[in-house]
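Notes for the one structure printed next.
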Amino acid sequence: MIRDGDCVAIFHSIHRVMRAEKVLKGQGFPILLIPAPRALHADCGLAIRYASADRDAVEEVLAAEGLLPEEIHVKQGEQYLKIG
């Protein structure tokens, strides 16, 4: 489900993650709403996965909509490194 190099965005609430999913899919981004990985603490239990190649564009759209995630991690092996 999550490949090495993928970004995982964690949000404060289910409402924000669902709204972010709608906005990003509306813009045509190949994102996926996923259960938050156990290694990451997410209050709402969901996260958005996207390719690192789309990172700048995804975060630009989320910022414009006032939906920046609480945290952003990138998967490297079995670990998730916080990048935002």
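Every chain in the structure tokens has a letter given in the order shown (A, B, ...), and although residue numbers restart at 1 in each chain, ligands are simply numbered from 1 in the order shown.
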
Which residues come within 8 Å of segment 52-55 of chain A, counting only C-alpha atoms, excluding same-chain residues fewer than 2 positions away, as a compact mmCIF listing (two decimals) with N, CA, C and O atoms, in the first residue's frame?
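Final output, result.txt:
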```txt
# COMPACT_ATOMS: atom_id res chain seq x y z
N GLY A 5 9.63 5.79 -0.43
CA GLY A 5 9.65 7.10 -1.07
C GLY A 5 8.31 7.79 -1.10
O GLY A 5 8.24 8.99 -1.40
N ASP A 6 7.22 7.08 -0.81
CA ASP A 6 5.90 7.70 -0.76
C ASP A 6 5.79 8.64 0.43
O ASP A 6 6.39 8.39 1.48
N CYS A 7 5.01 9.70 0.26
CA CYS A 7 4.72 10.62 1.35
C CYS A 7 3.40 10.24 2.01
O CYS A 7 2.48 9.77 1.33
N PHE A 29 -4.89 14.57 -8.73
CA PHE A 29 -3.71 13.94 -8.14
C PHE A 29 -4.00 12.47 -7.84
O PHE A 29 -5.07 12.14 -7.33
N TYR A 50 0.76 9.90 -1.13
CA TYR A 50 1.03 10.42 -2.47
C TYR A 50 2.50 10.23 -2.80
O TYR A 50 3.33 10.06 -1.90
N ALA A 57 3.60 19.98 -5.53
CA ALA A 57 2.30 20.36 -6.09
C ALA A 57 1.16 20.06 -5.12
O ALA A 57 0.25 20.88 -4.94
N VAL A 58 1.20 18.91 -4.47
CA VAL A 58 0.17 18.53 -3.50
C VAL A 58 0.14 19.52 -2.34
O VAL A 58 -0.92 20.03 -1.96
N GLU A 59 1.30 19.81 -1.79
CA GLU A 59 1.35 20.72 -0.65
C GLU A 59 0.97 22.15 -1.03
O GLU A 59 0.39 22.87 -0.23
N VAL A 74 7.90 10.53 5.06
CA VAL A 74 8.26 9.77 3.86
C VAL A 74 8.70 8.39 4.32
O VAL A 74 9.40 8.24 5.33
```

Check your understanding: With only C-alpha atoms as the basis for distance, which of A:Ala9, A:Ala20, A:Ile2, A:Cys44 is at the shortest distance from Glu70 of chain A?
Key ->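 Answer, going by the shortest atom-to-atom distance: A:Ala9.
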
Revision key, fill the gap. Pairwise distance, atom CA of Ala51 of chain A with atom CA of Ala64 of chain A, equals 19.4 Å

Check your understanding: If you measure from atom CA of Glu60 of chain A to atom CA of Leu24 of chain A, what distance in Å do you get, rounded to one decimal?
Key -> 10.5 Å

Exercise for review: From the DSSP assignment of the backbone, select every residue of chain A that is strand (DSSP E), and format the answer as a list of chain:residue names.
Suggested key: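 DSSP-assigned strand (DSSP E) residues in chain A: A:Cys7, A:Val8, A:Ala9, A:Ile10, A:Leu32, A:Leu33, A:Ile34, A:Pro35, A:Leu46, A:Ala47, A:Ile48, A:Arg49, A:Tyr50, A:Glu71, A:Ile72, A:His73, A:Val74, A:Lys75, A:Gln76, A:Gln79, A:Tyr80, A:Leu81, A:Lys82.
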
**Study point:** For Ala42 of chain A: contacts at 9 Å, only C-alpha atoms, fewer than 3 positions along chain excluded, given as a PyMOL selection string
**Key:** chain A and resi 10-13+36-38+45-47

Review point. Got a sec: who's within 9 Å of Asp4 of chain A, counting only C-alpha atoms, leaving out chain neighbours fewer than 4 positions off, as a list in words?
Key: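 Final neighbour list, sorted by chain and number: Val74, Lys75, Gln76, Gly77 and Glu78 of chain A.
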
**Study point:** Nearest to Ala39 of chain A, chosen from A:Ile14, A:Met1, A:Gly84, A:His73, with only C-alpha atoms counted in the distances
**Key:**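 The closest residue to Ala39 of chain A is A:His73.
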
Review point. Nearest to Glu71 of chain A: which of A:Ile83, A:Val23, A:Leu33, A:Ile48 is it, counting only C-alpha atoms?
Key: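 Among the listed residues, A:Ile83 lies closest to Glu71 of chain A.
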